[in-house]
>>> print(open('input.cif').read())   # mmCIF, C-alpha atoms
data_run
#
loop_
_atom_site.label_atom_id
_atom_site.label_comp_id
_atom_site.auth_asym_id
_atom_site.auth_seq_id
_atom_site.Cartn_x
_atom_site.Cartn_y
_atom_site.Cartn_z
CA ALA A 1 -10.69 0.52 7.56
CA LEU A 2 -14.26 0.67 8.82
CA PRO A 3 -14.63 -2.35 11.11
CA GLN A 4 -18.04 -3.02 9.56
CA ILE A 5 -16.32 -3.99 6.30
CA SER A 6 -14.39 -6.88 7.82
CA GLU A 7 -17.58 -8.07 9.55
CA THR A 8 -19.64 -8.05 6.35
CA LYS A 9 -20.28 -11.14 4.25
CA VAL A 10 -22.21 -9.31 1.53
CA GLY A 11 -22.77 -5.56 1.53
CA LEU A 12 -22.26 -2.21 -0.12
CA LEU A 13 -19.93 0.67 0.77
CA HIS A 14 -21.24 4.04 -0.37
CA VAL A 15 -18.78 6.96 -0.32
CA PHE A 16 -20.00 10.54 -0.77
CA ILE A 17 -17.85 13.70 -0.96
CA GLN A 18 -19.37 16.86 0.49
CA HIS A 19 -17.84 19.35 -1.94
CA THR A 20 -18.46 20.88 -5.39
CA SER A 21 -14.86 21.28 -6.56
CA ALA A 22 -13.57 17.79 -5.78
CA SER A 23 -14.84 14.39 -6.85
CA LEU A 24 -14.53 10.64 -6.49
CA THR A 25 -13.67 8.19 -9.23
CA LEU A 26 -12.91 4.51 -9.64
CA ASN A 27 -10.04 3.81 -12.01
CA GLU A 28 -6.66 2.13 -12.39
CA ASN A 29 -4.58 2.34 -9.23
CA ALA A 30 -1.42 0.49 -10.32
CA ASP A 31 0.33 3.01 -12.56
CA PRO A 32 0.60 6.64 -11.32
CA ASP A 33 0.80 7.77 -14.96
CA VAL A 34 -2.94 7.08 -15.22
CA ARG A 35 -3.75 9.81 -12.70
CA HIS A 36 -1.37 12.21 -14.45
CA ASP A 37 -2.96 11.53 -17.84
CA LEU A 38 -6.47 11.88 -16.42
CA GLU A 39 -5.56 15.26 -14.98
CA GLN A 40 -4.17 16.35 -18.35
CA ALA A 41 -7.34 15.19 -20.11
CA PHE A 42 -9.66 17.05 -17.73
CA ASN A 43 -7.53 20.19 -17.97
CA HIS A 44 -8.05 19.99 -21.73
CA LEU A 45 -11.81 19.52 -21.33
CA ALA A 46 -12.19 22.34 -18.79
CA PRO A 47 -9.30 24.79 -19.26
CA GLU A 48 -8.79 27.79 -17.00
CA SER A 49 -8.39 29.92 -20.13
CA PHE A 50 -12.06 29.48 -21.07
CA PRO A 51 -14.03 32.76 -20.61
CA HIS A 52 -16.01 31.67 -17.55
CA THR A 53 -18.37 34.06 -15.77
CA HIS A 54 -18.06 32.43 -12.33
CA THR A 55 -14.50 33.40 -11.34
CA CYS A 56 -15.01 34.83 -7.85
CA GLU A 57 -12.42 32.45 -6.34
CA GLY A 58 -9.94 32.61 -9.20
CA PRO A 59 -9.47 31.15 -12.68
CA ASP A 60 -9.52 27.55 -11.37
CA ASP A 61 -12.92 28.03 -9.69
CA MET A 62 -15.37 27.19 -12.48
CA PRO A 63 -13.15 24.53 -14.14
CA ALA A 64 -13.16 22.71 -10.79
CA HIS A 65 -16.97 22.68 -10.76
CA VAL A 66 -17.04 21.34 -14.34
CA LYS A 67 -14.60 18.52 -13.55
CA ALA A 68 -16.51 17.62 -10.38
CA SER A 69 -19.75 17.43 -12.37
CA LEU A 70 -18.15 15.15 -14.97
CA LEU A 71 -16.75 12.70 -12.41
CA GLY A 72 -19.41 12.80 -9.70
CA ALA A 73 -19.63 13.04 -5.92
CA SER A 74 -20.25 9.43 -4.88
CA LEU A 75 -19.28 5.81 -5.43
CA SER A 76 -20.82 2.50 -4.41
CA ILE A 77 -18.50 -0.49 -4.04
CA PRO A 78 -19.67 -4.05 -3.31
CA VAL A 79 -18.26 -5.81 -0.26
CA CYS A 80 -17.65 -9.56 -0.32
CA ASP A 81 -16.28 -11.66 2.54
CA GLY A 82 -15.05 -8.65 4.48
CA ARG A 83 -13.20 -7.00 1.58
CA LEU A 84 -13.97 -4.43 -1.08
CA ALA A 85 -14.72 -6.40 -4.26
CA LEU A 86 -12.63 -4.18 -6.51
CA GLY A 87 -11.30 -5.30 -9.88
CA THR A 88 -7.67 -6.24 -10.32
CA TRP A 89 -6.48 -2.73 -11.17
CA GLN A 90 -9.23 -0.65 -9.60
CA GLY A 91 -8.71 1.89 -6.86
CA ILE A 92 -10.79 4.65 -5.28
CA THR A 93 -9.32 8.10 -5.93
CA LEU A 94 -10.26 11.44 -4.41
CA CYS A 95 -9.71 14.03 -7.16
CA GLU A 96 -8.82 17.55 -6.07
CA HIS A 97 -9.69 20.07 -8.81
CA ARG A 98 -8.58 23.30 -7.11
CA ASN A 99 -4.98 24.48 -7.31
CA HIS A 100 -4.87 25.33 -3.59
CA ALA A 101 -7.58 23.59 -1.60
CA GLY A 102 -8.17 23.09 2.09
CA GLY A 103 -9.41 19.94 3.81
CA ARG A 104 -11.93 17.68 2.11
CA ARG A 105 -14.70 15.79 3.87
CA ASN A 106 -16.18 12.47 2.82
CA ALA A 107 -19.03 10.47 4.29
CA PRO A 108 -18.48 6.72 3.91
CA LEU A 109 -21.57 4.65 4.62
CA MET A 110 -21.52 0.88 5.05
CA TYR A 111 -24.65 -1.13 4.31
CA ARG A 112 -24.76 -4.81 5.20
CA THR A 113 -27.27 -7.48 6.02
CA LEU A 114 -27.28 -8.93 9.52
CA ALA A 115 -29.91 -11.49 10.59
CA GLY A 116 -32.19 -10.21 7.86
CA CYS A 117 -31.96 -6.56 8.96
CA ALA A 118 -30.22 -3.67 7.24
CA LEU A 119 -27.40 -2.09 9.25
CA LEU A 120 -25.95 1.33 8.45
CA ALA A 121 -22.68 2.74 9.75
CA CYS A 122 -21.78 6.31 8.91
CA ALA A 123 -18.63 8.34 9.48
CA SER A 124 -17.39 11.76 8.48
CA LEU A 125 -13.86 11.65 7.14
CA ALA A 126 -11.67 14.70 6.78
CA THR A 127 -8.75 14.40 4.38
CA ALA A 128 -6.12 17.07 4.25
CA GLN A 129 -5.16 18.13 0.75
CA ASP A 130 -2.43 20.70 0.15
CA GLY A 131 -2.36 21.87 -3.43
CA ALA A 132 -3.67 20.35 -6.63
CA GLY A 133 -3.69 16.72 -7.63
CA ASP A 134 -5.25 13.41 -6.68
CA SER A 135 -5.12 11.56 -3.39
CA ALA A 136 -6.27 8.13 -2.29
CA VAL A 137 -9.36 7.89 -0.10
CA PHE A 138 -8.60 6.75 3.44
CA VAL A 139 -10.97 5.26 6.01
CA PRO A 140 -9.52 5.21 9.54
CA ASP A 141 -9.37 2.08 11.67
CA ASN A 142 -10.61 3.89 14.79
CA ALA A 143 -14.09 4.54 13.34
CA LEU A 144 -16.93 3.49 14.31
CA THR A 145 -19.47 1.55 16.26
CA PRO A 146 -22.64 0.68 14.30
CA ASN A 147 -25.21 3.47 13.98
CA SER A 148 -22.81 6.11 15.32
CA THR A 149 -21.64 9.29 13.61
CA THR A 150 -18.21 10.63 14.50
CA ALA A 151 -15.82 13.09 12.88
CA VAL A 152 -12.28 11.71 12.65
CA GLU A 153 -9.11 13.05 11.07
CA ALA A 154 -7.43 11.07 8.31
CA SER A 155 -4.28 10.48 10.30
CA GLY A 156 -3.53 7.88 12.94
CA ASP A 157 -1.66 4.76 13.85
CA ASN A 158 -3.60 2.16 11.93
CA GLU A 159 -5.03 3.78 8.80
CA LEU A 160 -4.58 1.89 5.56
CA PRO A 161 -5.64 3.02 2.08
CA ILE A 162 -8.81 1.20 1.08
CA ALA A 163 -8.09 1.69 -2.62
CA THR A 164 -5.93 -1.41 -2.96
CA THR A 165 -6.86 -3.55 0.04
CA PRO A 166 -6.36 -7.18 -1.09
CA SER A 167 -9.08 -9.81 -1.19
CA GLU A 168 -9.35 -13.35 -2.47
CA ALA A 169 -12.13 -12.14 -4.77
CA ASN A 170 -9.56 -9.96 -6.54
CA GLY A 171 -6.99 -12.69 -7.06
CA TRP A 172 -4.94 -12.18 -3.88
CA THR A 173 -3.73 -15.04 -1.66
CA LYS A 174 -2.55 -14.87 1.94
CA LEU A 175 1.02 -16.00 2.56
CA PHE A 176 0.77 -15.77 6.37
CA ASN A 177 -2.09 -17.61 8.08
CA GLY A 178 -1.99 -15.53 11.28
CA LYS A 179 -1.43 -18.63 13.43
CA ASP A 180 2.03 -20.07 12.79
CA LEU A 181 4.91 -20.06 10.31
CA THR A 182 3.50 -22.76 8.04
CA GLY A 183 4.89 -22.14 4.56
CA TRP A 184 7.88 -20.17 5.86
CA THR A 185 11.44 -21.27 6.63
CA ALA A 186 13.89 -19.30 8.77
CA SER A 187 17.61 -19.38 8.08
CA GLU A 188 20.30 -19.04 10.76
CA ASN A 189 19.11 -18.10 14.27
CA LYS A 190 15.62 -19.47 13.71
CA ASP A 191 14.33 -18.20 17.07
CA THR A 192 14.46 -14.65 15.70
CA PHE A 193 10.99 -15.23 14.22
CA LYS A 194 7.94 -16.03 16.35
CA VAL A 195 4.18 -15.73 15.97
CA GLU A 196 2.52 -13.84 18.82
CA ASP A 197 -1.10 -12.63 18.89
CA GLY A 198 -1.50 -13.25 15.17
CA LEU A 199 1.65 -11.31 14.24
CA ILE A 200 5.07 -12.34 12.97
CA VAL A 201 7.41 -10.82 15.57
CA VAL A 202 11.04 -10.34 14.53
CA HIS A 203 13.53 -9.93 17.38
CA GLY A 204 16.94 -11.55 17.63
CA ASP A 205 20.19 -12.20 15.83
CA ARG A 206 20.44 -11.96 12.06
CA SER A 207 18.06 -14.29 10.26
CA HIS A 208 15.79 -14.31 7.23
CA LEU A 209 12.35 -15.86 6.93
CA PHE A 210 11.82 -17.22 3.41
CA TYR A 211 8.47 -18.10 1.92
CA THR A 212 8.67 -21.81 0.97
CA GLY A 213 4.96 -22.62 0.77
CA ASP A 214 2.69 -23.89 -1.96
CA VAL A 215 1.33 -20.64 -3.40
CA ASN A 216 2.57 -20.42 -7.00
CA ASP A 217 4.98 -23.23 -6.05
CA GLY A 218 6.91 -20.64 -4.04
CA GLU A 219 8.20 -18.88 -7.15
CA PHE A 220 7.11 -15.44 -8.34
CA LYS A 221 8.14 -13.32 -11.31
CA ASP A 222 5.48 -10.67 -11.98
CA PHE A 223 3.40 -10.00 -8.89
CA GLU A 224 1.90 -7.61 -6.37
CA LEU A 225 2.95 -8.07 -2.74
CA TRP A 226 1.12 -6.42 0.18
CA VAL A 227 2.89 -6.40 3.56
CA GLU A 228 1.68 -4.64 6.71
CA VAL A 229 4.57 -3.64 8.99
CA GLN A 230 5.17 -2.01 12.36
CA THR A 231 8.56 -1.09 13.83
CA GLU A 232 9.82 -0.14 17.26
CA PRO A 233 12.44 2.64 17.60
CA GLN A 234 15.89 1.86 16.17
CA ALA A 235 14.59 -1.16 14.25
CA ASN A 236 15.87 -2.25 10.86
CA SER A 237 14.37 -4.87 8.56
CA GLY A 238 13.47 -5.47 4.95
CA VAL A 239 11.29 -7.34 2.49
CA TYR A 240 13.11 -9.30 -0.23
CA PHE A 241 11.68 -10.47 -3.54
CA HIS A 242 13.08 -12.59 -6.38
CA THR A 243 15.29 -14.21 -3.76
CA GLU A 244 16.01 -17.82 -2.75
CA TYR A 245 16.62 -19.68 0.49
CA GLN A 246 20.08 -19.09 1.92
CA GLU A 247 21.15 -20.62 5.23
CA THR A 248 23.57 -17.88 6.36
CA ASP A 249 24.54 -14.27 5.64
CA TRP A 250 22.46 -11.58 3.92
CA PRO A 251 20.54 -12.86 0.87
CA MET A 252 22.69 -12.52 -2.23
CA LYS A 253 19.86 -12.89 -4.75
CA GLY A 254 16.98 -10.51 -5.36
CA TYR A 255 16.01 -7.00 -4.37
CA GLU A 256 15.29 -5.67 -0.87
CA VAL A 257 12.67 -3.07 0.01
CA GLN A 258 13.86 -1.27 3.12
CA VAL A 259 12.07 -1.17 6.50
CA ASN A 260 13.68 1.49 8.72
CA GLN A 261 12.25 4.56 10.40
CA SER A 262 14.90 5.47 12.99
CA HIS A 263 17.79 2.99 12.75
CA GLY A 264 21.20 4.53 12.09
CA ASP A 265 21.25 3.37 8.47
CA PRO A 266 20.37 6.49 6.42
CA ARG A 267 18.42 4.36 3.91
CA LYS A 268 14.81 4.55 5.06
CA THR A 269 11.51 2.77 4.54
CA GLY A 270 10.20 2.34 1.02
CA GLY A 271 13.51 2.43 -0.81
CA LEU A 272 14.87 -0.27 -3.11
CA TYR A 273 17.98 -0.88 -1.05
CA GLY A 274 21.16 0.35 -2.72
CA ILE A 275 19.36 0.98 -6.02
CA VAL A 276 16.71 3.65 -5.43
CA ASP A 277 17.04 4.73 -1.81
CA VAL A 278 14.77 6.86 0.36
CA MET A 279 17.41 8.81 2.26
CA ASP A 280 17.42 10.18 5.81
CA VAL A 281 13.67 10.73 6.39
CA SER A 282 11.17 7.87 6.52
CA PRO A 283 7.67 8.40 5.09
CA VAL A 284 6.18 6.74 8.20
CA GLU A 285 6.92 6.61 11.92
CA ASP A 286 7.82 3.92 14.44
CA GLY A 287 4.77 2.45 16.14
CA ASP A 288 2.43 3.04 13.18
CA TRP A 289 1.13 0.15 11.12
CA TYR A 290 1.75 0.82 7.45
CA VAL A 291 1.66 -0.97 4.09
CA GLU A 292 4.52 -1.73 1.74
CA HIS A 293 2.90 -2.51 -1.60
CA ILE A 294 5.41 -3.88 -4.12
CA THR A 295 4.54 -4.41 -7.79
CA VAL A 296 6.83 -6.06 -10.34
CA LYS A 297 5.80 -6.22 -14.01
CA GLY A 298 8.56 -7.18 -16.40
CA LYS A 299 11.52 -4.92 -15.65
CA HIS A 300 9.40 -2.34 -13.84
CA ILE A 301 9.35 -2.13 -10.03
CA THR A 302 6.94 0.09 -8.10
CA VAL A 303 6.98 0.46 -4.32
CA ARG A 304 4.23 2.27 -2.45
CA VAL A 305 4.15 3.09 1.24
CA ASN A 306 0.57 3.69 2.39
CA GLY A 307 -0.37 4.33 -1.22
CA LYS A 308 2.40 6.86 -1.92
CA VAL A 309 4.94 5.89 -4.59
CA THR A 310 8.47 5.76 -3.15
CA VAL A 311 10.11 3.78 -5.98
CA ASP A 312 9.27 3.85 -9.69
CA TYR A 313 12.19 2.02 -11.28
CA THR A 314 12.80 0.21 -14.54
CA GLU A 315 15.84 -2.05 -14.55
CA PRO A 316 18.09 -1.32 -17.55
CA GLU A 317 18.56 -4.08 -20.09
CA GLY A 318 21.72 -6.10 -19.52
CA VAL A 319 22.47 -4.46 -16.18
CA GLU A 320 25.57 -5.77 -14.40
CA ARG A 321 26.35 -5.04 -10.76
CA GLU A 322 29.42 -5.85 -8.71
CA GLY A 323 30.20 -7.44 -5.37
CA ARG A 324 27.32 -8.05 -2.99
CA MET A 325 24.99 -6.20 -5.36
CA ALA A 326 25.61 -8.63 -8.24
CA GLY A 327 22.39 -10.52 -7.48
CA ARG A 328 20.22 -7.40 -7.48
CA LYS A 329 18.47 -8.23 -10.75
CA ILE A 330 14.97 -8.90 -12.01
CA ASP A 331 14.58 -12.66 -12.23
CA LYS A 332 12.13 -14.86 -10.35
CA GLY A 333 12.11 -16.31 -6.87
CA THR A 334 10.47 -16.15 -3.48
CA PHE A 335 10.02 -13.56 -0.72
CA ALA A 336 11.87 -13.12 2.57
CA LEU A 337 11.49 -11.02 5.72
CA GLN A 338 14.66 -9.78 7.38
CA GLY A 339 15.74 -10.09 10.99
CA HIS A 340 18.52 -7.52 11.02
CA ASP A 341 20.03 -7.40 14.51
CA PRO A 342 19.21 -8.10 18.19
CA GLY A 343 18.25 -4.47 18.81
CA SER A 344 15.52 -4.46 16.17
CA VAL A 345 11.90 -5.33 16.94
CA VAL A 346 9.60 -5.51 13.91
CA ARG A 347 6.10 -6.94 13.45
CA PHE A 348 4.37 -8.15 10.31
CA ARG A 349 0.67 -9.02 10.04
CA GLN A 350 -1.22 -9.20 6.72
CA ILE A 351 0.97 -10.60 3.91
CA TRP A 352 -0.79 -11.08 0.57
CA VAL A 353 0.43 -11.84 -2.94
CA LYS A 354 -1.21 -11.62 -6.35
CA PRO A 355 0.75 -13.33 -9.16
CA LEU A 356 0.53 -11.37 -12.42
CA ASP A 357 2.11 -13.90 -14.80
#
>>> encode(input="input.cif", output="structure tokens")
Amino acid sequence: ALPQISETKVGLLHVFIQHTSASLTLNENADPDVRHDLEQAFNHLAPESFPHTHTCEGPDDMPAHVKASLLGASLSIPVCDGRLALGTWQGITLCEHRNHAGGRRNAPLMYRTLAGCALLACASLATAQDGAGDSAVFVPDNALTPNSTTAVEASGDNELPIATTPSEANGWTKLFNGKDLTGWTASENKDTFKVEDGLIVVHGDRSHLFYTGDVNDGEFKDFELWVEVQTEPQANSGVYFHTEYQETDWPMKGYEVQVNQSHGDPRKTGGLYGIVDVMDVSPVEDGDWYVEHITVKGKHITVRVNGKVTVDYTEPEGVEREGRMAGRKIDKGTFALQGHDPGSVVRFRQIWVKPLD
């Protein structure tokens, strides 16, 4: 995100879109059905079948202008303690109203107070949009020094969606302090997990790092979990939830969200391992920092990778599974990070949780 955000105690982020057939809105970001229903509602309000006069770019031309006028071209979001002070379910959404649009350009501006003076940082942000629909707004990590103006593409190693970035103001709590493994317990081969330069580095024989700290007494049922991950080539790992400490072997209890871009296992990043798999092609690449955002509400599990839904799964009532999959059930428990094998090198940095029960 804009570095000025993390440096800001109290401020205001203003985002402006430089187009007349796309818009910005602030709405629920947890359930993708909300965006679908909003699109249906606006299509009803501004149908292509209406006898418009302005149709020089096709039947979707004027309806796009109407929808953009209804939603607006800018948003202002307060910043508190280096984070966007969004509500629990709020997210920033870029709404594309054309059926086949090109790139979209936004101008995010960051206002903050520094030693009694106003400081403004401005960036142009191009977001590629292929076809109709909504997309999250992204602000790249490689922008900007204060008072500079630079055009940057919305693709790169360290971009994270700002729509759901956690903050303590929004009910999130850090599980990793960035200094040591306080609150975490490794199983067999404990040297597999180390903290280096503020990161959890995973490299060594099979081991699992279980959260055993004080947050929520180390037990979570309904929650949101935010984990930032980076892998080296041929690495395999995973993020477990609803699990429990186990000294040896692979965890038998709980679900695993896969971490794997190029390891030989065909199950790739973002899948619910063995249940709803992302096969063969990972949505991200080795070397890039990305977010796995896991939400569990009742029997419903949603996994997002950099804001894109990769799993939308509701566990059937009374489900029974066999063998090593018998423990793959919604229950309650803790989280664990996987050290898969000596050839895998994986890094974790920000790990946040927001209990929902």
>>> resolve_selection(input="input.cif", expression="the PyMOL selection byres ((chain A and resi 186-197) around 7)", output="number ranges by chain")
A: 179-180, 184-185, 198-210, 246-248, 339
>>> residues_around(input="input.cif", residues="Ser69 of chain A", least_positions_apart="2", cutoff="12 Å", atoms="all atoms listed in the file", output="MDAnalysis selection string")
chainID A and resid 19:25 42 46 62:67 71:74 95 97
>>> write_last_selection(input="input.cif", atoms="C-alpha atoms", output="mmCIF file, in the coordinates of the input")
data_model
loop_
_atom_site.group_PDB
_atom_site.id
_atom_site.type_symbol
_atom_site.label_atom_id
_atom_site.label_comp_id
_atom_site.auth_asym_id
_atom_site.auth_seq_id
_atom_site.Cartn_x
_atom_site.Cartn_y
_atom_site.Cartn_z
ATOM 1 C CA HIS A 19 -17.840 19.350 -1.940
ATOM 2 C CA THR A 20 -18.460 20.880 -5.390
ATOM 3 C CA SER A 21 -14.860 21.280 -6.560
ATOM 4 C CA ALA A 22 -13.570 17.790 -5.780
ATOM 5 C CA SER A 23 -14.840 14.390 -6.850
ATOM 6 C CA LEU A 24 -14.530 10.640 -6.490
ATOM 7 C CA THR A 25 -13.670 8.190 -9.230
ATOM 8 C CA PHE A 42 -9.660 17.050 -17.730
ATOM 9 C CA ALA A 46 -12.190 22.340 -18.790
ATOM 10 C CA MET A 62 -15.370 27.190 -12.480
ATOM 11 C CA PRO A 63 -13.150 24.530 -14.140
ATOM 12 C CA ALA A 64 -13.160 22.710 -10.790
ATOM 13 C CA HIS A 65 -16.970 22.680 -10.760
ATOM 14 C CA VAL A 66 -17.040 21.340 -14.340
ATOM 15 C CA LYS A 67 -14.600 18.520 -13.550
ATOM 16 C CA LEU A 71 -16.750 12.700 -12.410
ATOM 17 C CA GLY A 72 -19.410 12.800 -9.700
ATOM 18 C CA ALA A 73 -19.630 13.040 -5.920
ATOM 19 C CA SER A 74 -20.250 9.430 -4.880
ATOM 20 C CA CYS A 95 -9.710 14.030 -7.160
ATOM 21 C CA HIS A 97 -9.690 20.070 -8.810
#
>>> resolve_selection(input="input.cif", expression="the PyMOL selection byres ((chain A and resi 171) around 10)", output="JSON, numbers by chain")
{"A": [87, 88, 166, 167, 168, 169, 170, 172, 173, 352, 353, 354, 355, 356]}
>>> resolve_selection(input="input.cif", expression="the PyMOL selection byres ((chain A and resi 241) around 6)", output="PyMOL selection string")
chain A and resi 240+242-243+254-255+334-335
>>> atom_distance(input="input.cif", atom1="atom CA of Ala326 of chain A", atom2="atom CA of Glu244 of chain A")
14.4 Å
